[in-house]
file target-v9.cif (mmCIF, C-alpha atoms)
data_coords
loop_
_atom_site.group_PDB
_atom_site.id
_atom_site.type_symbol
_atom_site.label_atom_id
_atom_site.label_comp_id
_atom_site.auth_asym_id
_atom_site.auth_seq_id
_atom_site.Cartn_x
_atom_site.Cartn_y
_atom_site.Cartn_z
ATOM 1 C CA MET A 260 -32.266 9.205 -25.084
ATOM 2 C CA LEU A 261 -29.348 9.130 -22.648
ATOM 3 C CA THR A 262 -27.439 12.386 -22.316
ATOM 4 C CA GLY A 263 -23.736 12.976 -21.990
ATOM 5 C CA LEU A 264 -22.785 9.617 -23.419
ATOM 6 C CA GLY A 265 -19.399 9.256 -25.033
ATOM 7 C CA THR A 266 -18.250 12.630 -23.723
ATOM 8 C CA TYR A 267 -15.065 11.357 -22.080
ATOM 9 C CA THR A 268 -11.944 9.663 -23.346
ATOM 10 C CA PRO A 269 -10.585 6.999 -20.960
ATOM 11 C CA ASN A 270 -7.032 7.435 -19.737
ATOM 12 C CA PRO A 271 -4.719 4.936 -21.471
ATOM 13 C CA VAL A 272 -3.683 1.876 -19.514
ATOM 14 C CA PRO A 273 -0.012 0.908 -19.078
ATOM 15 C CA ALA A 274 1.687 -0.431 -22.183
ATOM 16 C CA ALA A 275 1.898 -4.228 -22.348
ATOM 17 C CA LYS A 276 3.798 -6.725 -24.475
ATOM 18 C CA HIS A 277 0.774 -8.911 -25.141
ATOM 19 C CA LYS A 278 -2.676 -8.437 -26.648
ATOM 20 C CA PHE A 279 -4.288 -10.707 -24.056
ATOM 21 C CA ILE A 280 -3.579 -9.400 -20.555
ATOM 22 C CA VAL A 281 -2.809 -11.798 -17.698
ATOM 23 C CA ILE A 282 -3.148 -10.345 -14.206
ATOM 24 C CA ALA A 283 -1.619 -12.405 -11.388
ATOM 25 C CA HIS A 284 -4.093 -12.167 -8.490
ATOM 26 C CA ARG A 285 -2.038 -11.353 -5.365
ATOM 27 C CA GLY A 286 0.980 -12.479 -7.339
ATOM 28 C CA ASP A 287 1.560 -16.070 -8.428
ATOM 29 C CA HIS A 288 0.565 -17.672 -5.136
ATOM 30 C CA VAL A 289 0.258 -21.307 -6.202
ATOM 31 C CA ILE A 290 3.739 -21.851 -4.729
ATOM 32 C CA TYR A 291 4.419 -18.782 -2.585
ATOM 33 C CA PRO A 292 2.313 -16.837 -0.044
ATOM 34 C CA GLU A 293 -0.054 -14.315 -1.591
ATOM 35 C CA ASN A 294 1.152 -10.705 -1.761
ATOM 36 C CA SER A 295 4.745 -11.712 -1.019
ATOM 37 C CA LEU A 296 7.768 -10.560 -3.010
ATOM 38 C CA GLU A 297 8.356 -14.218 -3.881
ATOM 39 C CA ALA A 298 4.833 -14.497 -5.366
ATOM 40 C CA TYR A 299 5.437 -11.323 -7.378
ATOM 41 C CA ARG A 300 8.815 -12.578 -8.634
ATOM 42 C CA GLU A 301 7.150 -15.825 -9.730
ATOM 43 C CA ALA A 302 4.553 -13.858 -11.712
ATOM 44 C CA ILE A 303 7.348 -11.952 -13.449
ATOM 45 C CA LYS A 304 9.157 -15.205 -14.242
ATOM 46 C CA ASN A 305 5.971 -16.721 -15.648
ATOM 47 C CA GLU A 306 5.363 -13.726 -17.962
ATOM 48 C CA ALA A 307 2.233 -12.228 -16.420
ATOM 49 C CA ASP A 308 1.441 -8.679 -17.542
ATOM 50 C CA TYR A 309 0.384 -7.395 -14.112
ATOM 51 C CA ILE A 310 0.749 -8.255 -10.468
ATOM 52 C CA GLU A 311 -2.326 -7.403 -8.423
ATOM 53 C CA ILE A 312 -1.381 -5.991 -5.025
ATOM 54 C CA ASP A 313 -3.520 -4.874 -2.067
ATOM 55 C CA LEU A 314 -2.418 -1.608 -0.495
ATOM 56 C CA ARG A 315 -2.871 -0.827 3.200
ATOM 57 C CA THR A 316 -1.429 1.646 5.691
ATOM 58 C CA THR A 317 0.429 0.863 8.905
ATOM 59 C CA LYS A 318 0.111 2.623 12.247
ATOM 60 C CA ASP A 319 3.093 4.818 11.313
ATOM 61 C CA SER A 320 1.674 5.689 7.855
ATOM 62 C CA GLN A 321 3.798 3.261 5.830
ATOM 63 C CA LEU A 322 2.349 1.432 2.802
ATOM 64 C CA VAL A 323 2.346 -2.377 2.652
ATOM 65 C CA SER A 324 0.629 -5.119 0.674
ATOM 66 C CA MET A 325 -1.889 -7.285 2.530
ATOM 67 C CA HIS A 326 -5.293 -8.366 1.280
ATOM 68 C CA ASP A 327 -7.107 -8.682 4.589
ATOM 69 C CA GLY A 328 -7.601 -5.881 7.064
ATOM 70 C CA THR A 329 -5.927 -8.093 9.664
ATOM 71 C CA VAL A 330 -2.754 -10.182 9.573
ATOM 72 C CA ASN A 331 -4.502 -13.139 11.238
ATOM 73 C CA ARG A 332 -4.957 -15.360 8.175
ATOM 74 C CA MET A 333 -1.624 -14.792 6.471
ATOM 75 C CA ALA A 334 0.930 -14.201 9.245
ATOM 76 C CA ASN A 335 1.981 -15.462 12.658
ATOM 77 C CA GLY A 336 0.308 -12.585 14.482
ATOM 78 C CA LYS A 337 -3.056 -11.118 15.388
ATOM 79 C CA GLY A 338 -4.480 -7.666 14.781
ATOM 80 C CA THR A 339 -5.263 -5.131 12.098
ATOM 81 C CA VAL A 340 -2.582 -3.951 9.699
ATOM 82 C CA SER A 341 -3.238 -0.404 10.887
ATOM 83 C CA SER A 342 -2.465 -1.340 14.507
ATOM 84 C CA PHE A 343 1.155 -2.326 13.691
ATOM 85 C CA THR A 344 4.113 -0.099 12.912
ATOM 86 C CA LEU A 345 6.141 -1.117 9.883
ATOM 87 C CA ASP A 346 8.946 -2.412 12.086
ATOM 88 C CA GLU A 347 6.455 -4.553 13.983
ATOM 89 C CA LEU A 348 4.955 -5.936 10.767
ATOM 90 C CA LYS A 349 8.434 -6.763 9.472
ATOM 91 C CA GLN A 350 8.932 -9.035 12.473
ATOM 92 C CA LEU A 351 5.994 -11.193 11.399
ATOM 93 C CA LYS A 352 6.362 -14.192 9.113
ATOM 94 C CA LEU A 353 3.944 -14.970 6.306
ATOM 95 C CA LYS A 354 2.513 -18.473 6.273
ATOM 96 C CA GLY A 355 3.779 -20.533 3.333
ATOM 97 C CA LYS A 356 3.772 -24.098 2.077
ATOM 98 C CA ASP A 357 7.540 -24.299 2.586
ATOM 99 C CA SER A 358 7.994 -24.069 6.351
ATOM 100 C CA THR A 359 11.787 -23.927 5.957
ATOM 101 C CA GLN A 360 11.615 -20.583 4.141
ATOM 102 C CA THR A 361 10.875 -17.181 5.694
ATOM 103 C CA TYR A 362 8.484 -14.811 3.938
ATOM 104 C CA ARG A 363 7.791 -11.227 5.022
ATOM 105 C CA ILE A 364 5.060 -8.644 4.397
ATOM 106 C CA PRO A 365 6.388 -6.403 1.607
ATOM 107 C CA THR A 366 6.322 -2.630 1.498
ATOM 108 C CA PHE A 367 4.939 -0.745 -1.467
ATOM 109 C CA ALA A 368 8.435 0.622 -2.076
ATOM 110 C CA GLU A 369 9.879 -2.904 -2.307
ATOM 111 C CA ILE A 370 7.181 -3.914 -4.788
ATOM 112 C CA LEU A 371 7.695 -0.842 -6.977
ATOM 113 C CA LYS A 372 11.443 -1.467 -7.036
ATOM 114 C CA LEU A 373 10.902 -5.122 -7.972
ATOM 115 C CA ALA A 374 8.343 -4.366 -10.714
ATOM 116 C CA LYS A 375 10.034 -1.412 -12.407
ATOM 117 C CA ASN A 376 10.559 -2.145 -16.126
ATOM 118 C CA LYS A 377 9.536 -5.791 -15.546
ATOM 119 C CA ILE A 378 5.804 -5.942 -14.912
ATOM 120 C CA ASN A 379 2.853 -3.588 -14.476
ATOM 121 C CA ILE A 380 1.027 -3.117 -11.180
ATOM 122 C CA TYR A 381 -2.713 -3.493 -10.618
ATOM 123 C CA LEU A 382 -3.143 -1.550 -7.383
ATOM 124 C CA ASP A 383 -6.176 -2.692 -5.387
ATOM 125 C CA PHE A 384 -6.522 0.377 -3.199
ATOM 126 C CA LYS A 385 -7.785 -1.130 0.057
ATOM 127 C CA ALA A 386 -6.931 1.485 2.730
ATOM 128 C CA ALA A 387 -4.421 4.156 1.802
ATOM 129 C CA ASP A 388 -4.055 7.821 0.910
ATOM 130 C CA PRO A 389 -3.830 8.663 -2.818
ATOM 131 C CA THR A 390 -1.357 11.466 -2.167
ATOM 132 C CA ALA A 391 1.051 9.202 -0.279
ATOM 133 C CA ALA A 392 0.705 6.383 -2.805
ATOM 134 C CA TYR A 393 1.192 8.593 -5.853
ATOM 135 C CA LYS A 394 4.201 10.307 -4.271
ATOM 136 C CA MET A 395 5.867 6.913 -3.967
ATOM 137 C CA ILE A 396 4.843 5.864 -7.497
ATOM 138 C CA LYS A 397 6.488 9.027 -8.831
ATOM 139 C CA ALA A 398 9.590 8.511 -6.680
ATOM 140 C CA TYR A 399 10.162 5.187 -8.446
ATOM 141 C CA GLY A 400 9.263 6.520 -11.899
ATOM 142 C CA MET A 401 6.330 4.121 -12.169
ATOM 143 C CA GLU A 402 3.583 6.506 -13.314
ATOM 144 C CA LYS A 403 3.225 4.616 -16.616
ATOM 145 C CA GLN A 404 3.229 1.139 -15.037
ATOM 146 C CA VAL A 405 0.338 1.375 -12.573
ATOM 147 C CA LEU A 406 -3.444 1.259 -12.686
ATOM 148 C CA VAL A 407 -5.661 1.668 -9.623
ATOM 149 C CA TYR A 408 -8.694 -0.399 -8.663
ATOM 150 C CA ILE A 409 -11.114 1.821 -6.767
ATOM 151 C CA ASN A 410 -13.101 0.567 -3.751
ATOM 152 C CA SER A 411 -14.952 3.731 -2.662
ATOM 153 C CA GLN A 412 -16.177 7.114 -3.850
ATOM 154 C CA ALA A 413 -13.637 8.849 -1.601
ATOM 155 C CA GLN A 414 -10.802 6.953 -3.294
ATOM 156 C CA PHE A 415 -12.163 7.835 -6.721
ATOM 157 C CA THR A 416 -12.372 11.532 -5.854
ATOM 158 C CA GLY A 417 -8.939 11.482 -4.232
ATOM 159 C CA TRP A 418 -7.211 9.899 -7.210
ATOM 160 C CA LEU A 419 -8.940 12.191 -9.716
ATOM 161 C CA LYS A 420 -7.647 15.161 -7.747
ATOM 162 C CA GLU A 421 -4.142 13.817 -7.111
ATOM 163 C CA ALA A 422 -3.389 12.141 -10.437
ATOM 164 C CA PRO A 423 -6.038 12.854 -13.104
ATOM 165 C CA LYS A 424 -4.127 10.867 -15.740
ATOM 166 C CA MET A 425 -3.886 7.696 -13.640
ATOM 167 C CA PRO A 426 -6.064 4.901 -15.115
ATOM 168 C CA LEU A 427 -8.796 4.023 -12.621
ATOM 169 C CA MET A 428 -10.706 0.738 -12.668
ATOM 170 C CA LEU A 429 -14.212 0.070 -11.385
ATOM 171 C CA SER A 430 -16.207 -3.139 -11.232
ATOM 172 C CA LEU A 431 -19.286 -3.267 -13.420
ATOM 173 C CA PRO A 432 -22.254 -3.655 -11.028
ATOM 174 C CA ASP A 433 -24.067 -7.003 -11.119
ATOM 175 C CA SER A 434 -27.250 -5.072 -11.871
ATOM 176 C CA VAL A 435 -25.921 -3.981 -15.283
ATOM 177 C CA LYS A 436 -27.298 -6.460 -17.800
ATOM 178 C CA SER A 437 -27.676 -4.382 -20.982
ATOM 179 C CA VAL A 438 -25.771 -1.946 -23.151
ATOM 180 C CA SER A 439 -28.058 0.874 -22.024
ATOM 181 C CA GLY A 440 -27.289 -0.020 -18.406
ATOM 182 C CA MET A 441 -23.570 0.030 -19.147
ATOM 183 C CA GLN A 442 -23.954 3.392 -20.886
ATOM 184 C CA LYS A 443 -25.612 4.878 -17.797
ATOM 185 C CA PHE A 444 -22.899 3.496 -15.510
ATOM 186 C CA LEU A 445 -20.066 4.782 -17.684
ATOM 187 C CA ASP A 446 -21.739 8.159 -18.059
ATOM 188 C CA ALA A 447 -22.078 8.487 -14.282
ATOM 189 C CA TYR A 448 -18.585 7.377 -13.229
ATOM 190 C CA GLN A 449 -16.323 7.561 -16.302
ATOM 191 C CA PRO A 450 -13.878 4.778 -15.379
ATOM 192 C CA ASP A 451 -10.807 4.109 -17.506
ATOM 193 C CA LEU A 452 -11.245 0.324 -17.483
ATOM 194 C CA LEU A 453 -13.621 -2.256 -16.056
ATOM 195 C CA ASP A 454 -13.431 -5.223 -13.692
ATOM 196 C CA GLY A 455 -16.157 -7.512 -12.368
ATOM 197 C CA ASP A 456 -16.835 -11.217 -12.805
ATOM 198 C CA TYR A 457 -16.089 -12.577 -16.265
ATOM 199 C CA SER A 458 -19.429 -14.377 -16.367
ATOM 200 C CA GLN A 459 -21.425 -11.128 -16.286
ATOM 201 C CA TYR A 460 -20.025 -9.851 -19.584
ATOM 202 C CA THR A 461 -21.818 -10.548 -22.851
ATOM 203 C CA PRO A 462 -20.449 -10.040 -26.382
ATOM 204 C CA ALA A 463 -22.739 -7.001 -26.693
ATOM 205 C CA LEU A 464 -21.358 -5.386 -23.517
ATOM 206 C CA LEU A 465 -17.797 -6.092 -24.623
ATOM 207 C CA ALA A 466 -18.455 -4.674 -28.085
ATOM 208 C CA TYR A 467 -19.789 -1.459 -26.567
ATOM 209 C CA ALA A 468 -16.806 -1.191 -24.198
ATOM 210 C CA ALA A 469 -14.474 -1.698 -27.166
ATOM 211 C CA SER A 470 -16.244 1.087 -29.053
ATOM 212 C CA MET A 471 -15.430 3.339 -26.097
ATOM 213 C CA LYS A 472 -11.791 2.117 -26.104
ATOM 214 C CA LEU A 473 -12.449 0.856 -22.596
ATOM 215 C CA PRO A 474 -10.490 -2.287 -21.586
ATOM 216 C CA VAL A 475 -12.411 -4.998 -19.724
ATOM 217 C CA TRP A 476 -10.201 -7.273 -17.598
ATOM 218 C CA PRO A 477 -12.484 -9.095 -15.141
ATOM 219 C CA ASP A 478 -11.866 -11.724 -12.463
ATOM 220 C CA ILE A 479 -11.917 -15.390 -13.384
ATOM 221 C CA GLN A 480 -10.231 -16.794 -10.283
ATOM 222 C CA SER A 481 -12.123 -19.577 -8.527
ATOM 223 C CA ALA A 482 -11.416 -22.887 -6.846
ATOM 224 C CA GLY A 483 -11.945 -24.795 -10.088
ATOM 225 C CA GLU A 484 -10.515 -22.245 -12.525
ATOM 226 C CA GLY A 485 -9.039 -23.809 -15.637
ATOM 227 C CA PRO A 486 -9.223 -24.244 -19.425
ATOM 228 C CA ALA A 487 -13.016 -24.638 -19.489
ATOM 229 C CA ASP A 488 -13.407 -21.176 -17.938
ATOM 230 C CA TRP A 489 -10.722 -19.686 -20.168
ATOM 231 C CA ASP A 490 -12.458 -21.129 -23.244
ATOM 232 C CA LYS A 491 -15.675 -19.358 -22.207
ATOM 233 C CA ALA A 492 -13.803 -16.081 -21.661
ATOM 234 C CA LEU A 493 -12.269 -16.216 -25.130
ATOM 235 C CA GLN A 494 -15.618 -17.087 -26.713
ATOM 236 C CA LYS A 495 -17.125 -13.980 -25.122
ATOM 237 C CA GLY A 496 -14.385 -11.850 -26.643
ATOM 238 C CA LEU A 497 -12.514 -10.914 -23.456
ATOM 239 C CA THR A 498 -8.918 -9.744 -23.876
ATOM 240 C CA GLY A 499 -7.704 -9.825 -20.269
ATOM 241 C CA LEU A 500 -8.296 -11.742 -17.048
ATOM 242 C CA GLN A 501 -7.292 -11.675 -13.412
ATOM 243 C CA THR A 502 -6.319 -15.221 -12.457
ATOM 244 C CA ASP A 503 -5.096 -17.363 -9.594
ATOM 245 C CA HIS A 504 -3.096 -19.464 -12.091
ATOM 246 C CA PRO A 505 -1.056 -17.047 -14.230
ATOM 247 C CA ALA A 506 1.552 -19.592 -15.296
ATOM 248 C CA ALA A 507 -1.118 -22.051 -16.472
ATOM 249 C CA LEU A 508 -3.121 -19.315 -18.215
ATOM 250 C CA VAL A 509 -0.017 -18.044 -20.030
ATOM 251 C CA LYS A 510 0.740 -21.594 -21.221
ATOM 252 C CA TYR A 511 -2.890 -22.024 -22.340
ATOM 253 C CA LEU A 512 -2.690 -18.795 -24.343
ATOM 254 C CA LYS A 513 0.597 -19.822 -25.916
ATOM 255 C CA ASP A 514 -0.919 -23.155 -26.934
ATOM 256 C CA LYS A 515 -3.782 -21.223 -28.553
ATOM 257 C CA GLY A 516 -1.332 -18.997 -30.414
ATOM 258 C CA LEU A 517 -2.519 -15.972 -28.452
ATOM 259 C CA ARG A 518 0.684 -15.166 -26.651
#
call {"tool": "encode", "arguments": {"input": "target-v9.cif", "output": "structure tokens"}}
result
Amino acid sequence: MLTGLGTYTPNPVPAAKHKFIVIAHRGDHVIYPENSLEAYREAIKNEADYIEIDLRTTKDSQLVSMHDGTVNRMANGKGTVSSFTLDELKQLKLKGKDSTQTYRIPTFAEILKLAKNKINIYLDFKAADPTAAYKMIKAYGMEKQVLVYINSQAQFTGWLKEAPKMPLMLSLPDSVKSVSGMQKFLDAYQPDLLDGDYSQYTPALLAYAASMKLPVWPDIQSAGEGPADWDKALQKGLTGLQTDHPAALVKYLKDKGLR
């Protein structure tokens, strides 16, 4: 008999307009560079529920969105994000399909201002301080529009201390294959919602999560992502996905009468 099970109530996630949640992975980057303001604006235009952003800290303690630890892949520069000041990062140009247009690395403040009252934020907390991040979230009145994806125990502890009501997301470990395994994981860490790969979730795991009022919004993005994958996700009983094709997924859901 497992002990302590069901002894916590997950923090509520941000309110959304739709029952099936569409999370735009690094924004809608089919057209625009990932993690750019343009990619985030496109996700808003295409009716996604969340933009997923990656938060990192500059040399002068400013918060910016960049997936990688370095700027090498996405910008016309070399080096770690943490080795640049914000002013130096702002001089760099993001690489985009449209070479006639200039894209810049956005600050967290710019993203919060853009998203306020338009779209929720899925904050992938790569390398930042919870106190600094939450201070900025509060400054923009976005406490009810943000959830945080946790990458380390230190982040988890920091956010619980700084903002105990903030919804925190963890990935379900690949090793969890059964309801009893999920129970043990939830009992140990008490997340407010779950991520992971959509393929690892079974109807039984999803039913147990639902009984705990625990949202499950896993990743489905892949090179060949499309309707066949989305069909499988719906058959499993999933009610949210992180996707590389938010506009196409929204259209698919509308065609199914689910949007």
call {"tool": "closest_atom_pairs", "arguments": {"input": "target-v9.cif", "of": "stretch 267-376 of chain A", "to": "stretch 455-478 of chain A", "cutoff": "12 Å", "atoms": "only C-alpha atoms", "output": "JSON lines"}}
result
{"residue": "A:Tyr267", "atom": "CA", "partner": "A:Met471", "partner_atom": "CA", "distance": 9.0}
{"residue": "A:Thr268", "atom": "CA", "partner": "A:Met471", "partner_atom": "CA", "distance": 7.7}
{"residue": "A:Pro269", "atom": "CA", "partner": "A:Leu473", "partner_atom": "CA", "distance": 6.6}
{"residue": "A:Asn270", "atom": "CA", "partner": "A:Leu473", "partner_atom": "CA", "distance": 9.0}
{"residue": "A:Pro271", "atom": "CA", "partner": "A:Leu473", "partner_atom": "CA", "distance": 8.8}
{"residue": "A:Val272", "atom": "CA", "partner": "A:Pro474", "partner_atom": "CA", "distance": 8.2}
{"residue": "A:Pro273", "atom": "CA", "partner": "A:Pro474", "partner_atom": "CA", "distance": 11.2}
{"residue": "A:Lys278", "atom": "CA", "partner": "A:Pro474", "partner_atom": "CA", "distance": 11.2}
{"residue": "A:Phe279", "atom": "CA", "partner": "A:Trp476", "partner_atom": "CA", "distance": 9.4}
{"residue": "A:Ile280", "atom": "CA", "partner": "A:Trp476", "partner_atom": "CA", "distance": 7.6}
{"residue": "A:Val281", "atom": "CA", "partner": "A:Trp476", "partner_atom": "CA", "distance": 8.7}
{"residue": "A:Ile282", "atom": "CA", "partner": "A:Trp476", "partner_atom": "CA", "distance": 8.4}
{"residue": "A:Ala283", "atom": "CA", "partner": "A:Asp478", "partner_atom": "CA", "distance": 10.3}
{"residue": "A:His284", "atom": "CA", "partner": "A:Asp478", "partner_atom": "CA", "distance": 8.7}
{"residue": "A:Asp308", "atom": "CA", "partner": "A:Trp476", "partner_atom": "CA", "distance": 11.7}
{"residue": "A:Tyr309", "atom": "CA", "partner": "A:Trp476", "partner_atom": "CA", "distance": 11.1}
{"residue": "A:Glu311", "atom": "CA", "partner": "A:Asp478", "partner_atom": "CA", "distance": 11.2}
call {"tool": "resolve_selection", "arguments": {"input": "target-v9.cif", "expression": "the PyMOL selection byres ((chain A and resi 361-363) around 7)", "output": "PyMOL selection string"}}
result
chain A and resi 295+349+351-353+359-360+364-365
call {"tool": "write_last_selection", "arguments": {"input": "target-v9.cif", "atoms": "C-alpha atoms", "output": "PDB file, in the coordinates of the input"}}
result
ATOM      1  CA  SER A 295       4.745 -11.712  -1.019  1.00  0.00           C
ATOM      2  CA  LYS A 349       8.434  -6.763   9.472  1.00  0.00           C
ATOM      3  CA  LEU A 351       5.994 -11.193  11.399  1.00  0.00           C
ATOM      4  CA  LYS A 352       6.362 -14.192   9.113  1.00  0.00           C
ATOM      5  CA  LEU A 353       3.944 -14.970   6.306  1.00  0.00           C
ATOM      6  CA  THR A 359      11.787 -23.927   5.957  1.00  0.00           C
ATOM      7  CA  GLN A 360      11.615 -20.583   4.141  1.00  0.00           C
ATOM      8  CA  ILE A 364       5.060  -8.644   4.397  1.00  0.00           C
ATOM      9  CA  PRO A 365       6.388  -6.403   1.607  1.00  0.00           C
TER      10      PRO A 365
END
call {"tool": "residues_near_point", "arguments": {"input": "target-v9.cif", "point": "(10.9, -0.5, -14.8)", "cutoff": "8 Å", "atoms": "all atoms listed in the file", "output": "number ranges by chain"}}
result
A: 372, 374-378, 400-401, 404
call {"tool": "closest_residue", "arguments": {"input": "target-v9.cif", "among": "A:Thr316, A:Ser434, A:Gln412, A:Gln494", "to": "A:Ala387", "atoms": "all atoms listed in the file"}}
result
A:Thr316
call {"tool": "atom_distance", "arguments": {"input": "target-v9.cif", "atom1": "atom CA of A:Phe384", "atom2": "atom CA of A:Leu314"}}
result
5.3 Å
call {"tool": "resolve_selection", "arguments": {"input": "target-v9.cif", "expression": "the PyMOL selection byres ((chain A and resi 320) around 10)", "output": "VMD selection string"}}
result
chain A and resid 315 to 319 321 to 323 341 343 to 345 387 to 388 391
call {"tool": "resolve_selection", "arguments": {"input": "target-v9.cif", "expression": "the PyMOL selection byres ((chain A and resi 488) around 12)", "output": "PDB file with C-alpha atoms, in the coordinates of the input"}}
result
ATOM      1  CA  ASP A 456     -16.835 -11.217 -12.805  1.00  0.00           C
ATOM      2  CA  TYR A 457     -16.089 -12.577 -16.265  1.00  0.00           C
ATOM      3  CA  SER A 458     -19.429 -14.377 -16.367  1.00  0.00           C
ATOM      4  CA  ASP A 478     -11.866 -11.724 -12.463  1.00  0.00           C
ATOM      5  CA  ILE A 479     -11.917 -15.390 -13.384  1.00  0.00           C
ATOM      6  CA  GLN A 480     -10.231 -16.794 -10.283  1.00  0.00           C
ATOM      7  CA  SER A 481     -12.123 -19.577  -8.527  1.00  0.00           C
ATOM      8  CA  ALA A 482     -11.416 -22.887  -6.846  1.00  0.00           C
ATOM      9  CA  GLY A 483     -11.945 -24.795 -10.088  1.00  0.00           C
ATOM     10  CA  GLU A 484     -10.515 -22.245 -12.525  1.00  0.00           C
ATOM     11  CA  GLY A 485      -9.039 -23.809 -15.637  1.00  0.00           C
ATOM     12  CA  PRO A 486      -9.223 -24.244 -19.425  1.00  0.00           C
ATOM     13  CA  ALA A 487     -13.016 -24.638 -19.489  1.00  0.00           C
ATOM     14  CA  TRP A 489     -10.722 -19.686 -20.168  1.00  0.00           C
ATOM     15  CA  ASP A 490     -12.458 -21.129 -23.244  1.00  0.00           C
ATOM     16  CA  LYS A 491     -15.675 -19.358 -22.207  1.00  0.00           C
ATOM     17  CA  ALA A 492     -13.803 -16.081 -21.661  1.00  0.00           C
ATOM     18  CA  LEU A 493     -12.269 -16.216 -25.130  1.00  0.00           C
ATOM     19  CA  GLN A 494     -15.618 -17.087 -26.713  1.00  0.00           C
ATOM     20  CA  LYS A 495     -17.125 -13.980 -25.122  1.00  0.00           C
ATOM     21  CA  LEU A 497     -12.514 -10.914 -23.456  1.00  0.00           C
ATOM     22  CA  LEU A 500      -8.296 -11.742 -17.048  1.00  0.00           C
ATOM     23  CA  THR A 502      -6.319 -15.221 -12.457  1.00  0.00           C
ATOM     24  CA  HIS A 504      -3.096 -19.464 -12.091  1.00  0.00           C
ATOM     25  CA  LEU A 508      -3.121 -19.315 -18.215  1.00  0.00           C
ATOM     26  CA  TYR A 511      -2.890 -22.024 -22.340  1.00  0.00           C
TER      27      TYR A 511
END
call {"tool": "axis_aligned_box", "arguments": {"input": "target-v9.cif", "around": "stretch 485-500 of chain A", "padding_each_side": "8 Å", "output": "JSON"}}
result
{"center_x": -12.4, "center_y": -17.2, "center_z": -21.2, "size_x": 25.4, "size_y": 30.9, "size_z": 27.1}
call {"tool": "atom_distance", "arguments": {"input": "target-v9.cif", "atom1": "atom CA of A:Ala274", "atom2": "atom CA of A:Lys513"}}
result
19.8 Å
call {"tool": "closest_residue", "arguments": {"input": "target-v9.cif", "among": "A:Ala447, A:Met441, A:Leu373, A:Leu427", "to": "A:Glu297", "atoms": "only C-alpha atoms"}}
result
A:Leu373
call {"tool": "atom_distance", "arguments": {"input": "target-v9.cif", "atom1": "atom CA of A:Ala307", "atom2": "atom CA of A:Ala506"}}
result
7.5 Å
call {"tool": "closest_residue", "arguments": {"input": "target-v9.cif", "among": "A:Pro292, A:Pro450, A:Gly440, A:Pro505", "to": "A:Pro426", "atoms": "all atoms listed in the file"}}
result
A:Pro450
call {"tool": "closest_residue", "arguments": {"input": "target-v9.cif", "among": "A:Lys337, A:Lys420, A:Lys356, A:Lys510", "to": "A:Asn305", "atoms": "only C-alpha atoms"}}
result
A:Lys510
call {"tool": "closest_residue", "arguments": {"input": "target-v9.cif", "among": "A:Val438, A:Asn379, A:Leu406, A:Asp514", "to": "A:Lys276", "atoms": "only C-alpha atoms"}}
result
A:Asn379
call {"tool": "closest_residue", "arguments": {"input": "target-v9.cif", "among": "A:Asp287, A:Asp446, A:Leu382, A:Thr416", "to": "A:Met428", "atoms": "only C-alpha atoms"}}
result
A:Leu382
call {"tool": "residues_around", "arguments": {"input": "target-v9.cif", "residues": "A:Asn331", "least_positions_apart": "3", "cutoff": "12 Å", "atoms": "only C-alpha atoms", "output": "mmCIF file with C-alpha atoms, in the coordinates of the input"}}
result
data_model
loop_
_atom_site.group_PDB
_atom_site.id
_atom_site.type_symbol
_atom_site.label_atom_id
_atom_site.label_comp_id
_atom_site.auth_asym_id
_atom_site.auth_seq_id
_atom_site.Cartn_x
_atom_site.Cartn_y
_atom_site.Cartn_z
ATOM 1 C CA MET A 325 -1.889 -7.285 2.530
ATOM 2 C CA HIS A 326 -5.293 -8.366 1.280
ATOM 3 C CA ASP A 327 -7.107 -8.682 4.589
ATOM 4 C CA GLY A 328 -7.601 -5.881 7.064
ATOM 5 C CA ALA A 334 0.930 -14.201 9.245
ATOM 6 C CA ASN A 335 1.981 -15.462 12.658
ATOM 7 C CA GLY A 336 0.308 -12.585 14.482
ATOM 8 C CA LYS A 337 -3.056 -11.118 15.388
ATOM 9 C CA GLY A 338 -4.480 -7.666 14.781
ATOM 10 C CA THR A 339 -5.263 -5.131 12.098
ATOM 11 C CA VAL A 340 -2.582 -3.951 9.699
ATOM 12 C CA LEU A 348 4.955 -5.936 10.767
ATOM 13 C CA LEU A 351 5.994 -11.193 11.399
ATOM 14 C CA LYS A 352 6.362 -14.192 9.113
ATOM 15 C CA LEU A 353 3.944 -14.970 6.306
ATOM 16 C CA LYS A 354 2.513 -18.473 6.273
#
call {"tool": "decode", "arguments": {"input": "target-v9.cif", "residues": "stretch 487-499 of chain A", "atoms": "C-alpha atoms", "output": "PDB file, in the first residue's frame"}}
result
ATOM      1  CA  ALA A 487      -1.818  10.644 -37.824  1.00  0.00           C
ATOM      2  CA  ASP A 488      -0.060  11.591 -34.575  1.00  0.00           C
ATOM      3  CA  TRP A 489      -2.900  13.867 -33.502  1.00  0.00           C
ATOM      4  CA  ASP A 490      -5.405  11.056 -34.124  1.00  0.00           C
ATOM      5  CA  LYS A 491      -3.397   8.807 -31.785  1.00  0.00           C
ATOM      6  CA  ALA A 492      -3.265  11.535 -29.125  1.00  0.00           C
ATOM      7  CA  LEU A 493      -7.033  11.991 -29.204  1.00  0.00           C
ATOM      8  CA  GLN A 494      -7.615   8.234 -29.075  1.00  0.00           C
ATOM      9  CA  LYS A 495      -5.512   8.064 -25.911  1.00  0.00           C
ATOM     10  CA  GLY A 496      -7.660  10.746 -24.317  1.00  0.00           C
ATOM     11  CA  LEU A 497      -5.113  13.581 -24.228  1.00  0.00           C
ATOM     12  CA  THR A 498      -6.503  17.107 -23.890  1.00  0.00           C
ATOM     13  CA  GLY A 499      -3.410  19.183 -24.678  1.00  0.00           C
TER      14      GLY A 499
END
